[in-house]
$ cat run09.txt   # compact mmCIF, C-alpha atoms and all ligand atoms
# COMPACT_ATOMS: atom_id res chain seq x y z
CA MET H 7 0.00 0.00 0.00
CA VAL H 8 1.33 3.44 -0.90
CA VAL H 9 0.75 5.99 1.81
CA HIS H 10 1.29 9.52 0.67
CA SER H 11 2.53 12.00 3.19
CA SER H 12 -0.39 13.92 4.60
CA ALA H 13 1.85 16.65 5.99
CA ASP H 14 0.83 19.13 3.29
CA GLN H 15 -2.84 18.45 4.01
CA ALA H 16 -2.55 18.96 7.77
CA VAL H 17 -4.60 21.75 9.26
CA LEU H 18 -2.52 24.86 9.81
CA THR H 19 -3.76 27.35 12.40
CA ILE H 20 -2.73 30.99 12.23
CA VAL H 21 -3.97 33.59 14.69
CA TYR H 22 -2.89 37.21 14.42
CA VAL H 23 -3.83 40.61 15.71
CA SER H 24 -3.66 43.85 13.71
CA ALA H 25 -4.79 47.46 13.76
CA ALA H 26 -7.24 48.93 11.26
CA THR H 27 -5.71 51.83 9.32
CA HIS H 28 -9.11 53.56 9.44
CA PRO H 29 -12.08 52.77 11.69
CA MET H 30 -14.15 50.05 9.99
CA SER H 31 -17.75 50.91 9.19
CA GLU H 32 -20.43 48.22 9.26
CA GLU H 33 -20.44 48.38 5.45
CA GLY H 34 -16.67 48.09 5.26
CA LEU H 35 -16.67 45.08 7.54
CA ALA H 36 -19.52 43.47 5.58
CA ALA H 37 -17.65 43.93 2.28
CA LEU H 38 -14.47 42.49 3.77
CA LEU H 39 -16.36 39.47 5.11
CA LYS H 40 -18.13 38.79 1.83
CA GLN H 41 -14.80 38.73 0.02
CA ALA H 42 -13.16 36.63 2.74
CA ARG H 43 -15.97 34.08 2.95
CA GLU H 44 -16.11 33.48 -0.79
CA ASN H 45 -12.38 33.04 -1.07
CA ASN H 46 -12.02 30.94 2.09
CA ALA H 47 -14.87 28.62 1.12
CA SER H 48 -13.21 27.83 -2.20
CA HIS H 49 -9.98 26.88 -0.37
CA GLY H 50 -11.41 24.93 2.56
CA VAL H 51 -10.29 27.65 4.96
CA THR H 52 -12.37 28.37 8.08
CA GLY H 53 -12.08 30.67 11.06
CA VAL H 54 -13.28 33.69 12.92
CA LEU H 55 -12.60 37.41 12.59
CA LEU H 56 -13.03 39.68 15.61
CA TYR H 57 -13.16 43.43 15.53
CA HIS H 58 -12.77 45.52 18.62
CA ASP H 59 -12.13 49.25 18.83
CA GLY H 60 -9.90 49.46 15.77
CA ASN H 61 -8.21 46.11 16.26
CA PHE H 62 -8.66 42.83 14.44
CA MET H 63 -8.00 39.36 15.68
CA GLN H 64 -8.36 36.53 13.20
CA LEU H 65 -8.12 32.75 13.45
CA LEU H 66 -7.47 31.01 10.11
CA GLN H 67 -7.46 27.23 9.71
CA GLY H 68 -7.16 24.97 6.70
CA PRO H 69 -4.73 23.26 4.33
CA ALA H 70 -1.31 24.76 5.04
CA ASP H 71 -0.61 26.16 1.56
CA ASP H 72 -4.03 27.79 1.33
CA VAL H 73 -3.80 29.34 4.79
CA ARG H 74 -0.29 30.65 4.05
CA ASN H 75 -1.37 32.17 0.73
CA ILE H 76 -4.43 33.85 2.25
CA TYR H 77 -2.40 35.07 5.22
CA ALA H 78 0.18 36.56 2.84
CA ALA H 79 -2.58 38.49 1.04
CA ILE H 80 -4.03 39.62 4.37
CA GLN H 81 -0.62 40.85 5.58
CA SER H 82 -0.28 43.22 2.64
CA ASP H 83 -3.86 44.51 2.80
CA PRO H 84 -3.83 48.31 3.27
CA ARG H 85 -7.01 48.21 5.38
CA HIS H 86 -4.87 47.27 8.37
CA HIS H 87 -1.26 47.25 9.55
CA MET H 88 0.93 45.99 12.40
CA VAL H 89 -0.13 42.44 11.57
CA THR H 90 1.33 40.40 14.43
CA PRO H 91 1.16 36.60 14.48
CA ILE H 92 0.23 34.98 17.79
CA VAL H 93 -0.21 31.34 16.82
CA ASP H 94 1.34 29.43 13.89
CA GLU H 95 0.73 25.76 14.61
CA THR H 96 0.01 22.58 12.68
CA GLY H 97 -2.31 19.84 13.90
CA LEU H 98 -4.79 21.72 16.07
CA PRO H 99 -8.46 20.77 15.61
CA ARG H 100 -10.72 23.04 13.57
CA GLU H 101 -12.59 25.34 15.92
CA PHE H 102 -15.06 26.96 13.54
CA ALA H 103 -15.40 24.20 10.98
CA ASP H 104 -18.77 25.41 9.65
CA TRP H 105 -17.66 28.99 9.12
CA ALA H 106 -15.82 30.26 6.06
CA MET H 107 -15.31 33.22 8.39
CA ALA H 108 -17.41 33.86 11.45
CA CYS H 109 -17.38 37.44 12.69
CA GLY H 110 -18.10 39.31 15.87
CA GLN H 111 -17.55 42.60 17.60
CA ILE H 112 -16.59 42.18 21.23
CA ASP H 113 -16.30 44.18 24.41
CA THR H 114 -13.05 45.25 26.03
CA ARG H 115 -13.14 42.66 28.81
CA THR H 116 -13.60 39.77 26.38
CA TRP H 117 -10.84 41.11 24.13
CA GLU H 118 -8.42 41.32 27.04
CA THR H 119 -9.36 37.83 28.24
CA LEU H 120 -8.61 36.49 24.78
CA MET H 121 -5.27 38.27 24.53
CA VAL H 122 -4.19 36.69 27.79
CA LYS H 123 -5.41 33.23 26.81
CA LEU H 124 -3.86 33.21 23.35
CA SER H 125 -0.36 32.18 24.27
CA PRO H 126 2.26 32.23 21.47
CA ASP H 127 2.68 28.44 21.42
CA GLY H 128 -0.96 27.77 20.73
CA SER H 129 -1.46 25.85 23.97
CA ALA H 130 -4.57 27.83 24.85
CA LEU H 131 -6.10 26.73 21.56
CA SER H 132 -5.11 23.09 21.96
CA ASP H 133 -6.45 22.87 25.50
CA GLY H 134 -9.62 24.57 24.31
CA SER H 135 -9.67 27.51 26.69
CA ALA H 136 -9.19 30.27 24.13
CA ALA H 137 -11.51 28.48 21.73
CA SER H 138 -14.29 28.35 24.30
CA VAL H 139 -13.94 32.08 24.97
CA LEU H 140 -13.97 32.75 21.23
CA LYS H 141 -17.06 30.65 20.74
CA SER H 142 -19.00 32.08 23.66
CA PHE H 143 -18.65 35.67 22.59
CA TRP H 144 -19.23 35.32 18.89
CA LYS H 145 -22.38 33.33 19.57
CA ALA H 146 -23.51 36.00 22.03
CA GLY H 147 -22.85 38.75 19.50
CA ALA H 148 -24.27 36.97 16.47
C1 LIG H 201 -8.67 42.10 8.78
C2 LIG H 201 -8.74 41.42 7.43
C3 LIG H 201 -9.10 40.08 7.36
C4 LIG H 201 -9.17 39.44 6.12
N1 LIG H 201 -9.51 38.13 6.08
C5 LIG H 201 -9.53 37.49 4.90
C6 LIG H 201 -9.83 36.11 4.83
O1 LIG H 201 -10.12 35.44 5.82
N2 LIG H 201 -9.84 35.52 3.60
C7 LIG H 201 -9.56 36.22 2.46
O2 LIG H 201 -9.58 35.64 1.38
N3 LIG H 201 -9.29 37.52 2.50
C8 LIG H 201 -9.27 38.18 3.69
N4 LIG H 201 -8.98 39.52 3.72
C9 LIG H 201 -8.81 40.23 2.44
C10 LIG H 201 -7.41 40.01 1.88
O3 LIG H 201 -6.51 40.86 2.57
C11 LIG H 201 -7.37 40.30 0.37
O4 LIG H 201 -7.94 41.54 0.12
C12 LIG H 201 -8.12 39.25 -0.40
O5 LIG H 201 -7.62 37.97 -0.07
C13 LIG H 201 -7.99 39.45 -1.91
O6 LIG H 201 -6.64 39.36 -2.25
P1 LIG H 201 -6.16 39.52 -3.75
O7 LIG H 201 -6.57 40.93 -4.15
O8 LIG H 201 -4.68 39.35 -3.69
O9 LIG H 201 -6.88 38.47 -4.53
C14 LIG H 201 -8.91 40.17 4.94
C15 LIG H 201 -8.53 41.51 5.03
C16 LIG H 201 -8.45 42.15 6.26
C17 LIG H 201 -8.07 43.59 6.33

$ encode --input "run09.txt" --output "structure tokens"
Amino acid sequence: MVVHSSADQAVLTIVYVSAATHPMSEEGLAALLKQARENNASHGVTGVLLYHDGNFMQLLQGPADDVRNIYAAIQSDPRHHMVTPIVDETGLPREFADWAMACGQIDTRTWETLMVKLSPDGSALSDGSAASVLKSFWKAGA
């Protein structure tokens, strides 16, 4: 039996934070999400995008090449800057598998809780604590 390496198909998780170059209007955010959802869906990429007081936090998960390509496009997008990776990890479970890109606006306390929980090595995602915070607020805000 020939077993092909599945390394290139493994789920890659990238989480970053960034700052909007201009405050995002509801319309601006809606346009961004429409574009993101269409593109992500065609590449099997899922995740969540949070917006809080001029800052973005985004979780991207999917086939490594697709996530890296999309992340590269995101990094050079003039709508935001100071794109700072927090998690870059292979093999974590998909947290928002049904969402080409879920979205929510969150309050300051939730944002700060998330920032603390999202440790650079991804351990908060793998033990589920950051993921449960993410899920609870986007459901509440949906
Ligand atoms: C905060 C933020 C999040 C974004 N998230 C995504 C995303 O999840 N998927 C995506 O395809 N594009 C996303 N984009 C848009 C990309 O930066 C880019 O405009 C889009 O991929 C089209 O790239 P292209 O013009 O090179 O085809 C995001 C942009 C910003 C500012």

$ axis_aligned_box --input "run09.txt" --around "range 54-71 of chain H" --padding-each-side "5 Å" --output "JSON"
{"center_x": -6.9, "center_y": 36.4, "center_z": 10.2, "size_x": 22.7, "size_y": 36.2, "size_z": 27.3}

$ atom_distance --input "run09.txt" --atom1 "CA of Val23 in chain H" --atom2 "CA of Met63 in chain H"
4.4 Å

$ atom_distance --input "run09.txt" --atom1 "CA of Ala106 in chain H" --atom2 "CA of Ala136 in chain H"
19.2 Å

$ residues_near_ligand --input "run09.txt" --ligand "ligand LIG 201 (chain H)" --cutoff "7 Å" --atoms "all atoms listed in the file" --output "VMD selection string"
chain H and resid 38 41 to 43 45 to 46 55 62 64 66 76 79 to 83 85 to 86 107

$ write_last_selection --input "run09.txt" --atoms "C-alpha atoms" --output "short mmCIF file (atom, residue, chain, number, x, y, z; two decimals), in the frame of the given file"
data_model
loop_
_atom_site.label_atom_id
_atom_site.label_comp_id
_atom_site.auth_asym_id
_atom_site.auth_seq_id
_atom_site.Cartn_x
_atom_site.Cartn_y
_atom_site.Cartn_z
CA LEU H 38 -14.47 42.49 3.77
CA GLN H 41 -14.80 38.73 0.02
CA ALA H 42 -13.16 36.63 2.74
CA ARG H 43 -15.97 34.08 2.95
CA ASN H 45 -12.38 33.04 -1.07
CA ASN H 46 -12.02 30.94 2.09
CA LEU H 55 -12.60 37.41 12.59
CA PHE H 62 -8.66 42.83 14.44
CA GLN H 64 -8.36 36.53 13.20
CA LEU H 66 -7.47 31.01 10.11
CA ILE H 76 -4.43 33.85 2.25
CA ALA H 79 -2.58 38.49 1.04
CA ILE H 80 -4.03 39.62 4.37
CA GLN H 81 -0.62 40.85 5.58
CA SER H 82 -0.28 43.22 2.64
CA ASP H 83 -3.86 44.51 2.80
CA ARG H 85 -7.01 48.21 5.38
CA HIS H 86 -4.87 47.27 8.37
CA MET H 107 -15.31 33.22 8.39
#

$ atom_distance --input "run09.txt" --atom1 "CA of Gly110 in chain H" --atom2 "CA of Asp71 in chain H"
26.1 Å

$ closest_residue --input "run09.txt" --among "H:Glu32, H:Trp117, H:Gln111, H:Pro99" --to "Gly134 in chain H" --atoms "all atoms listed in the file"
H:Pro99

$ closest_residue --input "run09.txt" --among "H:Val54, H:Val17, H:Ala26, H:Leu39" --to "Phe102 in chain H" --atoms "all atoms listed in the file"
H:Val54

$ closest_residue --input "run09.txt" --among "H:Glu101, H:Asp72, H:Asp94, H:Glu33" --to "Ala137 in chain H" --atoms "only C-alpha atoms"
H:Glu101

$ residues_around --input "run09.txt" --residues "Ala103 in chain H" --least-positions-apart "3" --cutoff "9 Å" --atoms "all atoms listed in the file" --output "VMD selection string"
chain H and resid 51 to 53 67 100 106

$ closest_residue --input "run09.txt" --among "H:Pro91, H:Gly50, H:Pro29, H:Pro84" --to "Trp105 in chain H" --atoms "only C-alpha atoms"
H:Gly50
